[in-house]
Amino acid sequence: MVYLLPDFPTVSPDMLDRISRDYSRFGAGGLPDGVEAYILDQYSIDIGGEYAGRPIRNPFGKASGQLSLSPTQVKADARAGLGFVVLKTVIAQDDSGEQSMKEWAMKETHMKVEPVAGRSVGRLGWTVTWKGRGWHDTFEAYCRLYAESLAIGQAHGMPVAASVKYHLPGPGEHDWREEEYRHTTRALLNLWAAGGDGGPMILEKDFSPTLAGDARSKQQETILQWMSTCPRLIREAAGVPVMLGLKVMNAMFGDAFQLELTRAAAEAGPDFLVYANRLFDPEREFEGKVGVAYGGPDLSHRNLRLLSDLRAAEAAGEVGAVPPISGTGDVCSGKMAVEYGLRGATSVQLHTFFQLPDLYYGMQAGSRTEKALHQLLFDPVSGLITWMLHVKERRGISRFRDLVQAAGTGLR
């Protein structure tokens, strides 16, 4: 059983009517200021989450990508009330500007959002496809983005994280470009010291070569070495505490290795895990490129299954304590956020859901982030309020960050 939630919630008709009225009212007039306090008052549900050790107003954050590469985007997210933002991934460099992973600094083309049918699960979802990789502009430009975004986040009480792709040695390579780790980490730390929230800098380590069909993706031993070595190099480069998150990829191997990979990441000493980015189809074509990443129902189906396996291994003493998780992959509803929460996610990261055609949102005006939050929270069929009330009815848990306590039986 992959899904812990049933097809239909156990919520009274009167309560569903109340949610429906709020859905219509806020769809026409916009979400109220302090919507989380309103939900707590009206529904006795605490939707606050946690990301990188910080409390966040709601569990929804923007994943690193094309939608978080300008201060304008970050400001719109902060004003809409998003929980947190992870900036576009920058490619590490040394003090001379050399980048061993410079092939990943490729400017994105237009993005194509389209429906996708699950192969392993019988439902439709959404995927977004583009040609492009990490931050393509200069490192100095990224530093300006980071500094401005930190100021925006501070002004609105919204955590902002940098995402970095550091050097990863491929098969046959033995040396790590440690100067890239030192130069990039310390440059970001200087900006954090000037504009952060006073706590440790939040940093996500990107591992996407195993996603995109790179030669590095085909060596299991190499990938496991990355997991054990990268956290140490980043912490040594920083010289001060940082809140380090490892973005676990969906590797191009079967479930057995994926579980081994996730266990290795959990045991490598990160402060949190981001689990897990997109799948890879070596035969799919987009704008002349054969082999592209995709998301949708198959992605969440695999992620939830492997996270359940990880939790079972933890309970059996086969793996140490799993760090907090920020779930990502096919998070297109509040219900899916609850599914991730039941496996230990204290936050979730979205990308595709912010790009759907307007007719799929119930809010008539406002930014895409506002429309997405309205749908994620108040949709009476798939929204967070409805499914949190279901969990509360079945297990008495009313806080999102406590959902992991309800994992297992009794939710159907």
# chains A, B, ... in the order shown; residues from 1 in each chain; ligands from 1
call {"tool": "select_by_dssp", "arguments": {"residues": "range 67-140 of chain A", "states": "alpha helix (DSSP H)", "output": "list in words"}}
result
Pro71, Thr72, Gln73, Val74, Lys75, Ala76, Asp77, Ala78, Arg79, Ala80, Phe139 and Glu140 of chain A
call {"tool": "residues_around", "arguments": {"residues": "range 43-47 of chain A", "least_positions_apart": "5", "cutoff": "6 Å", "atoms": "only C-alpha atoms", "output": "list in words"}}
result
Asn58, Ser398, Arg399 and Phe400 of chain A
call {"tool": "write_last_selection", "arguments": {"atoms": "N, CA and C atoms", "output": "short mmCIF file (atom, residue, chain, number, x, y, z; two decimals), in the first residue's frame"}}
result
data_model
loop_
_atom_site.label_atom_id
_atom_site.label_comp_id
_atom_site.auth_asym_id
_atom_site.auth_seq_id
_atom_site.Cartn_x
_atom_site.Cartn_y
_atom_site.Cartn_z
N ASN A 58 3.42 28.05 6.82
CA ASN A 58 2.71 26.92 6.22
C ASN A 58 3.75 26.02 5.59
N SER A 398 -3.65 17.41 15.01
CA SER A 398 -4.13 18.63 14.36
C SER A 398 -3.01 19.56 13.92
N ARG A 399 -1.74 19.12 14.03
CA ARG A 399 -0.61 19.94 13.60
C ARG A 399 0.11 19.25 12.46
N PHE A 400 0.40 20.00 11.40
CA PHE A 400 1.07 19.41 10.25
C PHE A 400 2.39 18.77 10.64
#
call {"tool": "select_by_dssp", "arguments": {"residues": "range 86-304 of chain A", "states": "strand (DSSP E)", "output": "ChimeraX atom specification"}}
result
/A:86-91,112-117,124-129,160-165,201-205,242-248,272-275,279-286,289-294
call {"tool": "residues_around", "arguments": {"residues": "Val116 in chain A", "least_positions_apart": "6", "cutoff": "10 Å", "atoms": "only C-alpha atoms", "output": "compact mmCIF listing (two decimals) with C-alpha atoms, in the first residue's frame"}}
result
# COMPACT_ATOMS: atom_id res chain seq x y z
CA ARG A 123 -4.20 8.85 -12.39
CA LEU A 124 -3.29 11.96 -14.30
CA GLY A 125 -0.94 14.66 -13.12
CA TRP A 126 1.33 17.39 -14.44
CA THR A 127 4.92 17.63 -15.57
CA VAL A 128 7.05 20.53 -16.76
CA TYR A 294 9.80 14.34 -15.84
CA GLY A 295 7.46 14.42 -12.85
CA GLY A 296 3.85 13.58 -12.14
CA PRO A 297 2.14 10.62 -10.46
CA ASP A 298 4.95 8.13 -11.03
call {"tool": "closest_atom_pairs", "arguments": {"of": "range 285-385 of chain A", "to": "range 232-254 of chain A", "cutoff": "10 Å", "atoms": "only C-alpha atoms", "output": "JSON lines"}}
result
{"residue": "A:Leu299", "atom": "CA", "partner": "A:Asn250", "partner_atom": "CA", "distance": 8.9}
{"residue": "A:Arg302", "atom": "CA", "partner": "A:Asn250", "partner_atom": "CA", "distance": 9.0}
{"residue": "A:Asn303", "atom": "CA", "partner": "A:Asn250", "partner_atom": "CA", "distance": 8.5}
{"residue": "A:Pro323", "atom": "CA", "partner": "A:Gly245", "partner_atom": "CA", "distance": 9.5}
{"residue": "A:Pro324", "atom": "CA", "partner": "A:Gly245", "partner_atom": "CA", "distance": 9.4}
{"residue": "A:Ile325", "atom": "CA", "partner": "A:Gly245", "partner_atom": "CA", "distance": 8.9}
{"residue": "A:Ser326", "atom": "CA", "partner": "A:Gly245", "partner_atom": "CA", "distance": 8.9}
{"residue": "A:Gly327", "atom": "CA", "partner": "A:Lys247", "partner_atom": "CA", "distance": 9.9}
{"residue": "A:Thr328", "atom": "CA", "partner": "A:Lys247", "partner_atom": "CA", "distance": 9.7}
call {"tool": "write_last_selection", "arguments": {"atoms": "C-alpha atoms", "output": "PDB file, in the first residue's frame"}}
result
ATOM      1  CA  LEU A 299       7.344  10.434  -9.196  1.00  0.00           C
ATOM      2  CA  ARG A 302       8.029   6.118  -6.078  1.00  0.00           C
ATOM      3  CA  ASN A 303       8.964   8.766  -3.525  1.00  0.00           C
ATOM      4  CA  PRO A 323      16.779  13.829   9.736  1.00  0.00           C
ATOM      5  CA  PRO A 324      13.836  16.120   8.975  1.00  0.00           C
ATOM      6  CA  ILE A 325      12.568  15.866   5.411  1.00  0.00           C
ATOM      7  CA  SER A 326      11.429  18.486   2.937  1.00  0.00           C
ATOM      8  CA  GLY A 327       9.323  16.487   0.489  1.00  0.00           C
ATOM      9  CA  THR A 328       9.198  17.266  -3.203  1.00  0.00           C
TER      10      THR A 328
END
call {"tool": "closest_atom_pairs", "arguments": {"of": "range 316-405 of chain A", "to": "range 59-73 of chain A", "cutoff": "10 Å", "atoms": "only C-alpha atoms", "output": "JSON lines"}}
result
{"residue": "A:Ser326", "atom": "CA", "partner": "A:Pro59", "partner_atom": "CA", "distance": 9.0}
{"residue": "A:Gly327", "atom": "CA", "partner": "A:Phe60", "partner_atom": "CA", "distance": 9.8}
{"residue": "A:Thr328", "atom": "CA", "partner": "A:Ala63", "partner_atom": "CA", "distance": 7.9}
{"residue": "A:Gly329", "atom": "CA", "partner": "A:Ala63", "partner_atom": "CA", "distance": 9.8}
{"residue": "A:Val331", "atom": "CA", "partner": "A:Phe60", "partner_atom": "CA", "distance": 9.3}
{"residue": "A:Gly334", "atom": "CA", "partner": "A:Phe60", "partner_atom": "CA", "distance": 9.2}
{"residue": "A:Ala337", "atom": "CA", "partner": "A:Pro59", "partner_atom": "CA", "distance": 8.0}
{"residue": "A:Val338", "atom": "CA", "partner": "A:Pro59", "partner_atom": "CA", "distance": 9.8}
{"residue": "A:Gly341", "atom": "CA", "partner": "A:Pro59", "partner_atom": "CA", "distance": 9.3}
{"residue": "A:Ala345", "atom": "CA", "partner": "A:Pro59", "partner_atom": "CA", "distance": 9.0}
{"residue": "A:Thr346", "atom": "CA", "partner": "A:Pro59", "partner_atom": "CA", "distance": 6.7}
{"residue": "A:Ser347", "atom": "CA", "partner": "A:Pro59", "partner_atom": "CA", "distance": 4.3}
{"residue": "A:Val348", "atom": "CA", "partner": "A:Phe60", "partner_atom": "CA", "distance": 5.3}
{"residue": "A:Gln349", "atom": "CA", "partner": "A:Gly61", "partner_atom": "CA", "distance": 4.7}
{"residue": "A:Leu350", "atom": "CA", "partner": "A:Lys62", "partner_atom": "CA", "distance": 5.1}
{"residue": "A:His351", "atom": "CA", "partner": "A:Ala63", "partner_atom": "CA", "distance": 5.7}
{"residue": "A:Thr352", "atom": "CA", "partner": "A:Ala63", "partner_atom": "CA", "distance": 9.4}
{"residue": "A:Phe353", "atom": "CA", "partner": "A:Lys62", "partner_atom": "CA", "distance": 9.8}
{"residue": "A:Phe354", "atom": "CA", "partner": "A:Leu67", "partner_atom": "CA", "distance": 8.6}
{"residue": "A:Gln355", "atom": "CA", "partner": "A:Leu67", "partner_atom": "CA", "distance": 9.2}
{"residue": "A:Thr369", "atom": "CA", "partner": "A:Lys62", "partner_atom": "CA", "distance": 9.2}
{"residue": "A:Ala372", "atom": "CA", "partner": "A:Phe60", "partner_atom": "CA", "distance": 9.8}
{"residue": "A:Leu373", "atom": "CA", "partner": "A:Phe60", "partner_atom": "CA", "distance": 8.1}
{"residue": "A:Leu376", "atom": "CA", "partner": "A:Phe60", "partner_atom": "CA", "distance": 8.8}
{"residue": "A:Leu377", "atom": "CA", "partner": "A:Phe60", "partner_atom": "CA", "distance": 9.9}
{"residue": "A:Leu384", "atom": "CA", "partner": "A:Pro59", "partner_atom": "CA", "distance": 9.9}
{"residue": "A:Phe400", "atom": "CA", "partner": "A:Pro59", "partner_atom": "CA", "distance": 7.8}
{"residue": "A:Arg401", "atom": "CA", "partner": "A:Pro59", "partner_atom": "CA", "distance": 8.5}
call {"tool": "residues_around", "arguments": {"residues": "Tyr23 in chain A", "least_positions_apart": "3", "cutoff": "10 Å", "atoms": "only C-alpha atoms", "output": "JSON, numbers by chain"}}
result
{"A": [17, 18, 19, 20, 26, 27, 28, 30, 31, 362, 363, 374, 375, 377, 378, 379, 380, 383]}
call {"tool": "closest_residue", "arguments": {"among": "A:Glu370, A:Glu339, A:Asp402, A:Glu98", "to": "Trp387 in chain A", "atoms": "only C-alpha atoms"}}
result
A:Glu339
call {"tool": "residues_around", "arguments": {"residues": "Lys165 in chain A", "least_positions_apart": "4", "cutoff": "12 Å", "atoms": "only C-alpha atoms", "output": "count of residues only"}}
result
33
call {"tool": "closest_residue", "arguments": {"among": "A:Leu259, A:Val85, A:Val292, A:Leu306", "to": "Ala52 in chain A", "atoms": "only C-alpha atoms"}}
result
A:Val85
